[in-house]
$ cat data.txt   # compact mmCIF, C-alpha atoms and all ligand atoms
# COMPACT_ATOMS: atom_id res chain seq x y z
CA MET A 1424 2.61 9.54 -15.30
CA ARG A 1425 1.79 11.39 -12.12
CA ALA A 1426 1.67 15.18 -12.25
CA ALA A 1427 4.41 16.98 -10.33
CA PRO A 1428 3.23 18.07 -6.85
CA SER A 1429 1.99 21.64 -6.62
CA GLN A 1430 3.86 24.27 -4.60
CA GLU A 1431 1.14 24.03 -1.96
CA GLU A 1432 1.50 20.24 -1.71
CA VAL A 1433 5.27 20.61 -1.32
CA ARG A 1434 4.78 23.22 1.41
CA ARG A 1435 2.34 21.02 3.35
CA HIS A 1436 4.67 18.05 3.06
CA ASN A 1437 7.62 20.12 4.31
CA LEU A 1438 5.58 21.50 7.22
CA GLY A 1439 4.83 17.94 8.30
CA VAL A 1440 8.45 16.83 7.96
CA LEU A 1441 9.72 19.85 9.90
CA LEU A 1442 7.20 19.45 12.71
CA ARG A 1443 8.02 15.73 12.92
CA HIS A 1444 11.71 16.55 13.41
CA VAL A 1445 10.90 19.01 16.21
CA HIS A 1446 8.46 16.51 17.73
CA VAL A 1447 11.02 13.68 17.75
CA LEU A 1448 14.19 15.68 18.54
CA GLY A 1449 12.73 18.33 20.85
CA PRO A 1450 14.02 21.92 20.61
CA THR A 1451 16.03 22.15 17.39
CA SER A 1452 17.86 25.12 15.87
CA ARG A 1453 16.86 26.48 12.48
CA ALA A 1454 20.42 25.72 11.33
CA GLU A 1455 19.99 22.01 12.21
CA LEU A 1456 16.58 21.94 10.51
CA THR A 1457 18.14 23.46 7.39
CA THR A 1458 20.61 20.56 7.29
CA LEU A 1459 18.03 17.89 8.20
CA LEU A 1460 15.50 18.95 5.56
CA GLY A 1461 18.03 19.92 2.91
CA LEU A 1462 16.20 23.20 2.30
CA ASN A 1463 17.56 26.75 2.24
CA ARG A 1464 17.42 29.08 5.23
CA SER A 1465 14.67 31.33 3.94
CA THR A 1466 12.39 28.34 3.22
CA ILE A 1467 12.97 26.99 6.75
CA GLY A 1468 12.22 30.48 8.11
CA ALA A 1469 8.92 30.59 6.20
CA LEU A 1470 7.92 27.10 7.37
CA THR A 1471 8.70 27.80 11.04
CA ALA A 1472 6.76 31.08 10.78
CA ASP A 1473 3.72 29.13 9.51
CA LEU A 1474 4.00 26.58 12.34
CA THR A 1475 4.42 29.39 14.89
CA ALA A 1476 1.35 31.19 13.56
CA ALA A 1477 -0.59 27.91 13.76
CA GLY A 1478 0.28 27.62 17.49
CA LEU A 1479 2.39 24.48 17.09
CA VAL A 1480 5.91 25.76 17.83
CA THR A 1481 7.66 28.77 19.32
CA GLU A 1482 10.97 30.28 18.31
CA ALA A 1483 13.50 31.90 20.60
CA THR A 1484 17.10 32.98 20.63
CA PRO A 1485 19.26 30.56 22.62
CA ARG A 1486 20.72 32.13 25.77
CA ASP A 1487 24.44 31.76 25.13
CA THR A 1488 25.86 29.58 22.39
CA GLY A 1489 29.46 30.44 23.25
CA ARG A 1490 30.00 31.16 19.57
CA ALA A 1491 30.54 34.41 17.75
CA GLY A 1492 27.91 35.74 15.36
CA ARG A 1493 24.14 35.75 15.42
CA PRO A 1494 22.90 32.49 16.95
CA SER A 1495 20.37 30.37 15.08
CA LEU A 1496 16.81 30.58 16.47
CA VAL A 1497 15.69 27.47 18.34
CA VAL A 1498 12.35 25.94 17.36
CA ARG A 1499 10.47 24.36 20.27
CA PRO A 1500 7.35 22.22 20.18
CA GLU A 1501 4.35 23.71 22.04
CA SER A 1502 4.32 20.76 24.45
CA GLU A 1503 2.02 22.33 27.07
CA ARG A 1504 -0.55 23.58 24.54
CA VAL A 1505 -0.69 20.71 22.05
CA TYR A 1506 -1.16 17.22 23.46
CA VAL A 1507 -2.64 13.78 22.88
CA LEU A 1508 -4.14 11.18 25.17
CA ALA A 1509 -2.44 7.79 25.11
CA PHE A 1510 -3.73 4.60 26.73
CA SER A 1511 -2.33 1.14 27.23
CA VAL A 1512 -4.55 -1.84 27.98
CA ALA A 1513 -2.24 -4.66 29.00
CA ALA A 1514 -2.91 -8.03 30.61
CA ASP A 1515 -2.17 -6.76 34.11
CA HIS A 1516 -2.36 -2.97 34.05
CA ILE A 1517 -4.18 -0.10 32.41
CA THR A 1518 -2.35 3.18 31.85
CA ALA A 1519 -3.37 6.62 30.62
CA ALA A 1520 -1.12 9.56 29.86
CA ARG A 1521 -1.38 13.07 28.53
CA VAL A 1522 1.57 13.50 26.20
CA GLY A 1523 2.64 16.88 24.82
CA LEU A 1524 3.96 17.56 21.32
CA GLY A 1525 7.62 16.59 21.52
CA GLY A 1526 6.79 13.36 23.35
CA VAL A 1527 6.74 14.98 26.80
CA VAL A 1528 4.66 13.03 29.34
CA LEU A 1529 2.66 15.80 31.03
CA ASP A 1530 0.50 13.63 33.26
CA ARG A 1531 -0.03 9.94 33.86
CA ARG A 1532 -2.28 7.47 35.68
CA GLU A 1533 -1.92 3.73 36.08
CA GLU A 1534 -3.80 0.95 37.82
CA ALA A 1535 -2.89 -2.70 38.22
CA VAL A 1536 -5.68 -5.06 37.13
CA GLU A 1537 -6.14 -8.77 37.60
CA ARG A 1538 -5.25 -10.62 34.40
CA GLY A 1539 -8.41 -11.69 32.56
CA SER A 1540 -10.78 -10.27 35.17
CA TYR A 1541 -11.86 -7.01 33.52
CA THR A 1542 -14.24 -6.45 30.62
CA PRO A 1543 -13.84 -3.92 27.80
CA ASP A 1544 -16.47 -1.80 29.59
CA ASP A 1545 -14.35 -1.88 32.76
CA ALA A 1546 -11.33 -0.75 30.74
CA VAL A 1547 -13.27 2.10 29.10
CA ARG A 1548 -14.65 3.19 32.48
CA LEU A 1549 -11.18 3.24 34.06
CA ILE A 1550 -9.74 5.16 31.11
CA THR A 1551 -12.51 7.80 31.22
CA ASP A 1552 -11.96 8.14 34.99
CA PHE A 1553 -8.26 8.72 34.34
CA VAL A 1554 -9.05 11.31 31.65
CA THR A 1555 -11.50 13.16 33.93
CA ASP A 1556 -8.92 13.09 36.71
CA MET A 1557 -6.16 14.47 34.47
CA ARG A 1558 -8.40 17.22 33.06
CA ALA A 1559 -7.93 19.38 36.16
CA ALA A 1560 -4.28 20.01 35.27
CA VAL A 1561 -4.86 20.89 31.60
CA PRO A 1562 -3.97 24.58 31.12
CA ALA A 1563 -6.51 26.94 29.56
CA GLY A 1564 -6.07 27.05 25.81
CA ALA A 1565 -4.39 23.63 25.54
CA ARG A 1566 -5.82 21.40 22.82
CA CYS A 1567 -6.05 17.63 22.49
CA VAL A 1568 -5.16 16.68 18.90
CA GLY A 1569 -5.84 12.96 19.12
CA ALA A 1570 -6.22 9.90 21.33
CA ALA A 1571 -5.04 6.33 20.88
CA ALA A 1572 -5.07 3.10 22.85
CA ALA A 1573 -2.66 0.17 22.63
CA VAL A 1574 -4.41 -3.11 23.34
CA ASN A 1575 -2.96 -6.57 23.82
CA GLY A 1576 -5.08 -8.28 21.17
CA LEU A 1577 -5.97 -8.53 17.49
CA VAL A 1578 -7.20 -5.08 16.50
CA ARG A 1579 -9.18 -4.30 13.35
CA ARG A 1580 -7.62 -1.17 11.86
CA ASP A 1581 -10.81 0.48 10.57
CA ASP A 1582 -12.75 0.73 13.82
CA GLY A 1583 -10.54 -0.57 16.64
CA ARG A 1584 -12.67 -3.65 17.12
CA ILE A 1585 -10.82 -6.30 19.16
CA ARG A 1586 -11.18 -9.57 17.29
CA LEU A 1587 -9.35 -11.69 19.80
CA GLY A 1588 -7.85 -10.57 23.09
CA HIS A 1589 -7.32 -13.81 24.94
CA ASN A 1590 -4.40 -12.40 26.97
CA VAL A 1591 -6.70 -9.79 28.49
CA GLY A 1592 -9.59 -12.27 28.58
CA TRP A 1593 -11.62 -10.74 25.73
CA GLY A 1594 -13.27 -12.31 22.72
CA ASP A 1595 -14.71 -10.24 19.88
CA GLU A 1596 -15.39 -6.78 21.33
CA PRO A 1597 -16.31 -3.36 19.84
CA PHE A 1598 -13.72 -1.65 22.05
CA GLY A 1599 -12.88 1.15 19.57
CA ALA A 1600 -16.54 2.18 19.28
CA ALA A 1601 -17.00 2.10 23.07
CA LEU A 1602 -13.87 4.19 23.69
CA THR A 1603 -14.83 6.69 20.98
CA ALA A 1604 -18.29 7.09 22.52
CA ALA A 1605 -16.86 7.52 26.01
CA LEU A 1606 -14.34 10.14 24.89
CA GLU A 1607 -16.88 11.99 22.75
CA GLU A 1608 -15.30 15.43 23.11
CA HIS A 1609 -11.89 14.14 21.99
CA PRO A 1610 -11.06 13.96 18.28
CA ASN A 1611 -9.83 10.95 16.34
CA VAL A 1612 -9.82 8.11 18.87
CA VAL A 1613 -7.91 5.15 17.41
CA VAL A 1614 -6.89 1.72 18.69
CA GLY A 1615 -3.79 -0.28 17.79
CA ASN A 1616 -2.15 -3.57 18.69
CA ASP A 1617 0.38 -3.26 21.53
CA ALA A 1618 3.25 -5.04 19.75
CA ASN A 1619 2.76 -2.91 16.62
CA LEU A 1620 2.73 0.28 18.68
CA SER A 1621 5.77 -0.88 20.69
CA ALA A 1622 7.64 -1.32 17.42
CA LEU A 1623 6.60 2.17 16.38
CA ALA A 1624 7.77 3.54 19.75
CA GLU A 1625 11.18 1.84 19.65
CA HIS A 1626 11.62 2.96 16.05
CA THR A 1627 10.77 6.58 16.90
CA ARG A 1628 12.30 7.00 20.35
CA GLY A 1629 14.03 3.81 21.47
CA ALA A 1630 16.48 1.07 20.51
CA ALA A 1631 15.57 1.06 16.81
CA VAL A 1632 16.03 4.75 15.98
CA GLY A 1633 17.77 4.92 12.61
CA SER A 1634 16.91 1.29 11.73
CA ASP A 1635 14.22 1.01 9.08
CA HIS A 1636 13.86 -2.80 9.05
CA VAL A 1637 12.99 -3.95 12.54
CA ILE A 1638 11.03 -6.71 14.24
CA TYR A 1639 9.87 -6.04 17.77
CA LEU A 1640 8.85 -9.22 19.59
CA ARG A 1641 6.66 -8.90 22.63
CA GLY A 1642 5.88 -11.85 24.83
CA ASP A 1643 3.87 -12.54 27.94
CA VAL A 1644 1.07 -15.13 27.89
CA GLY A 1645 0.93 -14.72 24.14
CA VAL A 1646 3.50 -13.49 21.68
CA GLY A 1647 3.10 -10.76 19.08
CA ALA A 1648 5.34 -8.72 16.83
CA GLY A 1649 5.47 -5.32 15.25
CA VAL A 1650 7.26 -5.29 11.94
CA ILE A 1651 8.81 -2.09 10.60
CA ALA A 1652 9.62 -2.49 6.90
CA ALA A 1653 11.29 0.33 4.96
CA GLY A 1654 10.57 2.65 7.90
CA ARG A 1655 6.84 1.95 8.02
CA LEU A 1656 4.77 -0.24 10.26
CA LEU A 1657 3.51 -3.29 8.41
CA THR A 1658 -0.22 -3.52 9.21
CA GLY A 1659 -1.62 -5.96 6.66
CA PHE A 1660 -4.96 -5.34 4.94
CA ASP A 1661 -7.15 -5.20 8.08
CA GLY A 1662 -4.46 -4.48 10.65
CA TYR A 1663 -3.76 -8.04 11.78
CA ALA A 1664 -0.18 -8.39 10.48
CA GLY A 1665 2.54 -9.42 12.91
CA GLU A 1666 0.69 -12.21 14.73
CA VAL A 1667 3.89 -14.23 14.84
CA GLY A 1668 2.77 -15.94 18.06
CA HIS A 1669 0.40 -17.97 15.87
CA MET A 1670 3.10 -18.94 13.39
CA MET A 1671 2.92 -22.73 13.44
CA VAL A 1672 6.28 -24.17 14.48
CA ASN A 1673 5.38 -27.57 15.94
CA PRO A 1674 2.73 -29.69 14.15
CA ASP A 1675 2.66 -32.09 17.13
CA GLY A 1676 2.57 -29.27 19.66
CA ARG A 1677 -0.01 -28.17 22.19
CA PRO A 1678 -3.41 -26.65 21.41
CA CYS A 1679 -3.33 -22.85 21.22
CA ALA A 1680 -5.93 -20.35 22.45
CA CYS A 1681 -6.50 -19.38 18.80
CA GLY A 1682 -7.87 -22.86 18.01
CA SER A 1683 -4.80 -24.09 16.15
CA ARG A 1684 -2.02 -26.31 17.45
CA GLY A 1685 1.72 -25.90 17.87
CA CYS A 1686 1.72 -22.10 17.51
CA TRP A 1687 5.00 -20.39 18.45
CA GLU A 1688 3.48 -18.90 21.61
CA THR A 1689 2.62 -22.39 22.90
CA GLU A 1690 6.40 -23.03 22.92
CA ILE A 1691 7.79 -19.66 24.09
CA GLY A 1692 4.98 -17.93 26.03
CA GLU A 1693 5.19 -17.59 29.81
CA PRO A 1694 3.03 -20.68 30.49
CA ALA A 1695 5.32 -22.81 28.26
CA LEU A 1696 8.43 -21.64 30.11
CA LEU A 1697 6.96 -22.17 33.57
CA ARG A 1698 5.53 -25.56 32.59
CA ALA A 1699 8.90 -26.70 31.17
CA ALA A 1700 10.51 -25.92 34.52
CA GLY A 1701 7.71 -27.66 36.45
CA ARG A 1702 6.82 -24.38 38.12
CA GLY A 1703 3.57 -22.66 39.00
CA GLY A 1704 2.77 -18.97 39.10
CA ARG A 1705 2.25 -16.62 36.20
CA GLY A 1706 3.25 -13.26 34.89
CA ARG A 1707 6.56 -11.42 34.71
CA GLU A 1708 7.38 -12.06 38.39
CA ALA A 1709 7.19 -15.82 37.92
CA VAL A 1710 9.46 -15.57 34.86
CA LEU A 1711 11.97 -13.43 36.74
CA ALA A 1712 11.94 -15.89 39.65
CA LEU A 1713 12.65 -18.73 37.22
CA VAL A 1714 15.53 -16.84 35.57
CA ASP A 1715 16.89 -16.02 39.02
CA ALA A 1716 16.68 -19.69 40.04
CA ALA A 1717 18.54 -20.72 36.87
CA GLY A 1718 21.27 -18.21 37.72
CA ARG A 1719 21.62 -19.86 41.13
CA GLY A 1720 22.08 -23.30 39.60
CA ASP A 1721 18.51 -24.71 39.50
CA GLY A 1722 18.84 -27.46 36.87
CA ALA A 1723 15.13 -27.59 35.93
CA ALA A 1724 15.01 -23.82 35.40
CA GLN A 1725 18.20 -23.92 33.32
CA ALA A 1726 16.85 -26.75 31.15
CA ALA A 1727 13.55 -24.88 30.64
CA LEU A 1728 15.38 -21.73 29.52
CA ARG A 1729 17.53 -23.75 27.09
CA GLN A 1730 14.44 -25.41 25.64
CA VAL A 1731 12.44 -22.19 25.30
CA GLY A 1732 15.55 -20.34 24.03
CA ASP A 1733 15.85 -22.96 21.30
CA TRP A 1734 12.19 -22.50 20.28
CA LEU A 1735 12.70 -18.74 20.40
CA GLY A 1736 15.58 -19.18 17.93
CA VAL A 1737 13.40 -21.32 15.64
CA GLY A 1738 10.85 -18.54 15.19
CA VAL A 1739 13.47 -15.78 14.95
CA ALA A 1740 15.21 -17.75 12.17
CA ASN A 1741 11.89 -17.95 10.27
CA LEU A 1742 11.29 -14.23 10.71
CA VAL A 1743 14.83 -13.35 9.65
CA ASN A 1744 14.43 -15.47 6.51
CA VAL A 1745 11.10 -13.84 5.65
CA PHE A 1746 11.75 -10.18 6.54
CA ASN A 1747 15.54 -9.67 6.48
CA PRO A 1748 15.46 -7.25 9.45
CA GLU A 1749 18.54 -5.37 10.63
CA ALA A 1750 17.38 -5.60 14.24
CA VAL A 1751 15.20 -7.95 16.27
CA LEU A 1752 14.13 -6.60 19.67
CA PHE A 1753 12.98 -8.86 22.50
CA GLY A 1754 10.31 -7.21 24.65
CA GLY A 1755 8.06 -8.22 27.54
CA SER A 1756 9.00 -11.54 29.14
CA LEU A 1757 10.96 -12.47 26.02
CA ARG A 1758 13.54 -9.91 27.11
CA GLU A 1759 14.33 -12.05 30.16
CA VAL A 1760 14.26 -15.28 28.15
CA TYR A 1761 16.58 -13.84 25.50
CA LEU A 1762 19.04 -12.46 28.05
CA ALA A 1763 19.14 -15.79 29.89
CA ALA A 1764 19.26 -18.01 26.78
CA ALA A 1765 21.01 -15.91 24.13
CA ALA A 1766 23.40 -18.79 23.32
CA GLN A 1767 20.48 -21.10 22.41
CA VAL A 1768 18.77 -18.39 20.36
CA ARG A 1769 22.01 -17.69 18.45
CA SER A 1770 22.83 -21.33 17.93
CA ARG A 1771 19.38 -22.14 16.50
CA LEU A 1772 19.44 -19.00 14.39
CA ASN A 1773 22.86 -19.98 12.97
CA ARG A 1774 21.53 -23.42 12.04
CA ASN A 1775 18.19 -22.34 10.54
CA GLY A 1776 18.61 -18.72 9.46
CA LEU A 1777 19.98 -17.93 6.02
CA ALA A 1778 23.59 -16.75 6.29
CA SER A 1779 22.87 -13.75 4.06
CA GLY A 1780 20.00 -12.64 6.30
CA ARG A 1781 22.23 -12.85 9.38
CA GLU A 1782 25.07 -10.70 7.99
CA HIS A 1783 23.80 -7.37 9.31
CA LEU A 1784 21.38 -8.65 11.93
CA ARG A 1785 21.52 -7.34 15.49
CA LEU A 1786 19.62 -8.99 18.35
CA ARG A 1787 18.79 -6.45 21.02
CA THR A 1788 16.68 -5.58 24.02
CA PRO A 1789 14.28 -2.61 23.78
CA GLN A 1790 14.94 0.71 25.53
CA LEU A 1791 11.43 1.79 26.49
CA GLY A 1792 10.53 -1.25 28.60
CA ASP A 1793 6.87 -1.69 29.50
CA ASP A 1794 6.11 1.89 28.46
CA ALA A 1795 6.61 1.07 24.78
CA PRO A 1796 2.88 0.48 24.00
CA LEU A 1797 1.95 3.77 25.70
CA VAL A 1798 4.69 5.71 23.87
CA GLY A 1799 3.60 4.10 20.60
CA ALA A 1800 -0.04 4.99 21.26
CA ALA A 1801 1.00 8.62 21.72
CA GLU A 1802 2.90 8.53 18.41
CA LEU A 1803 -0.15 7.04 16.68
CA ALA A 1804 -2.34 9.77 18.18
CA PHE A 1805 0.05 12.46 16.89
CA SER A 1806 0.25 10.97 13.39
CA GLY A 1807 -2.72 12.94 12.00
CA LEU A 1808 -1.24 16.26 13.14
CA LEU A 1809 2.21 15.39 11.79
CA GLU A 1810 0.70 14.37 8.45
CA ASP A 1811 -0.93 17.76 7.87
CA PRO A 1812 -0.12 20.21 10.71
CA ILE A 1813 -1.86 23.31 9.38
CA GLU A 1814 -5.10 21.53 8.47
CA VAL A 1815 -5.39 19.96 11.95
CA ALA A 1816 -4.33 23.16 13.73
CA MET A 1817 -6.97 25.14 11.84
CA ALA A 1818 -9.69 22.56 12.49
CA LEU A 1819 -8.95 22.73 16.24
CA GLU A 1820 -8.47 26.53 16.21
CA LEU A 1821 -5.10 26.13 17.92
CA ALA A 1822 -3.84 29.60 17.05
CA ALA A 1823 -7.01 31.24 18.40
CA ALA A 1824 -6.65 29.50 21.78
CA PRO A 1825 -5.76 31.89 24.61
ZN ZN A 1901 -2.34 -19.87 17.95

$ encode --input "data.txt" --output "structure tokens" --more "lines below"
Ligand SMILES: [Zn+2]
Amino acid sequence: MRAAPSQEEVRRHNLGVLLRHVHVLGPTSRAELTTLLGLNRSTIGALTADLTAAGLVTEATPRDTGRAGRPSLVVRPESERVYVLAFSVAADHITAARVGLGGVVLDRREEAVERGSYTPDDAVRLITDFVTDMRAAVPAGARCVGAAAAVNGLVRRDDGRIRLGHNVGWGDEPFGAALTAALEEHPNVVVGNDANLSALAEHTRGAAVGSDHVIYLRGDVGVGAGVIAAGRLLTGFDGYAGEVGHMMVNPDGRPCACGSRGCWETEIGEPALLRAAGRGGRGREAVLALVDAAGRGDGAAQAALRQVGDWLGVGVANLVNVFNPEAVLFGGSLREVYLAAAAQVRSRLNRNGLASGREHLRLRTPQLGDDAPLVGAAELAFSGLLEDPIEVAMALELAAAP
């Protein structure tokens, strides 16, 4: 039997839960927090006082509530003072942002890159340039509480090593170590997979808020997924879970960049779609042009979308049978494919997905668009602070900052 948690453990847990609510919801009244946490008013008052003293939130009386009686104090995250650095390394662009507590984007830089033409060192150099450039606008006394990068590739959880990043043109690369070294004055630099972090973002701030069993599919050249199970991101032992693009669906299919054959991404990735329509080009623009052509009656484009939509349904049926999600989100180029071929996806899902698993299933498009990996990276970077706010605030001397 496990011993009951001590009063101090309960307090630390509650501080984290309260700060997380304010971080996700923005300014929130003490009365709302009392309801959300199921604690009494004096306990909420004590917790908000601790977070205020730690420099993480402020409290103020709302201007005019229009109601009689003493209004409930509003708790606001210290967005300008407490921030993280979030980065996204995608196939065709690299983005950096300074994101304040509460999820407020305070500053942002982005540069388009040529797919497959930049090395991990190039990416680290660009990111450090962005960080240096953004530093000028950081107010005195503001503190960075973490940094995280979303990368389109297989990411080892322990050290952010990229094991395979064929969409960005990388092999096995010590990206996490290089980024940590380059950002030496920033604490806790972590790296995550872009589909995983997109799932986290949509679950926290997008189309999957309130859904605790979610699969976020992200497609471009390759296909990946982030799986939220019971409200938590499924990482696997080393961090490689969710590589649904390499789920084998066609034993007689084409060779895949991973070395196998007939992987799902060889049937539903951008190259597969464009090839099926007999078209050239690459990237989102080429996919959009194909969808547009299908809408205008181009028979080859329509047939390609039906074919790829059918393969999309095959994999979704497998995932539904394995994970029993309540929502499947289609991100990246798969958003366009799903919207244009929803009938094929549904039809295949109805044939191959277990009826019980389909009962409460919703197929949806994400809300955060191409920003999802960046938003997810920010959430990952904030996770240490939200886990134990006072410990992190003390370590960074937040309260002592001017
Ligand atoms: Zn593969």

$ residues_around --input "data.txt" --residues "A:Arg1521" --least-positions-apart "2" --cutoff "8 Å" --atoms "only C-alpha atoms" --output "list in words"
Tyr1506, Val1507, Leu1508, Ala1509, Ala1519, Gly1523, Val1528, Leu1529, Asp1530, Arg1531 and Met1557 of chain A

$ residues_near_ligand --input "data.txt" --ligand "ligand ZN 1901 (chain A)" --cutoff "12 Å" --atoms "only C-alpha atoms and all ligand atoms" --output "ChimeraX atom specification"
/A:1577,1587-1590,1644-1647,1666-1674,1676-1692

$ closest_residue --input "data.txt" --among "A:Ser1465, A:Ser1806, A:Arg1504, A:Thr1481" --to "A:Asn1611" --atoms "all atoms listed in the file"
A:Ser1806

$ atom_distance --input "data.txt" --atom1 "atom CA of A:Pro1694" --atom2 "atom CA of A:Leu1713"
11.9 Å

$ residues_around --input "data.txt" --residues "A:Gly1662" --least-positions-apart "2" --cutoff "12 Å" --atoms "all atoms listed in the file" --output "VMD selection string"
chain A and resid 1576 to 1586 1614 to 1620 1649 to 1650 1656 to 1660 1664 to 1666

$ closest_residue --input "data.txt" --among "A:Asp1794, A:Glu1503, A:Glu1537, A:Asp1733" --to "A:Arg1771" --atoms "all atoms listed in the file"
A:Asp1733
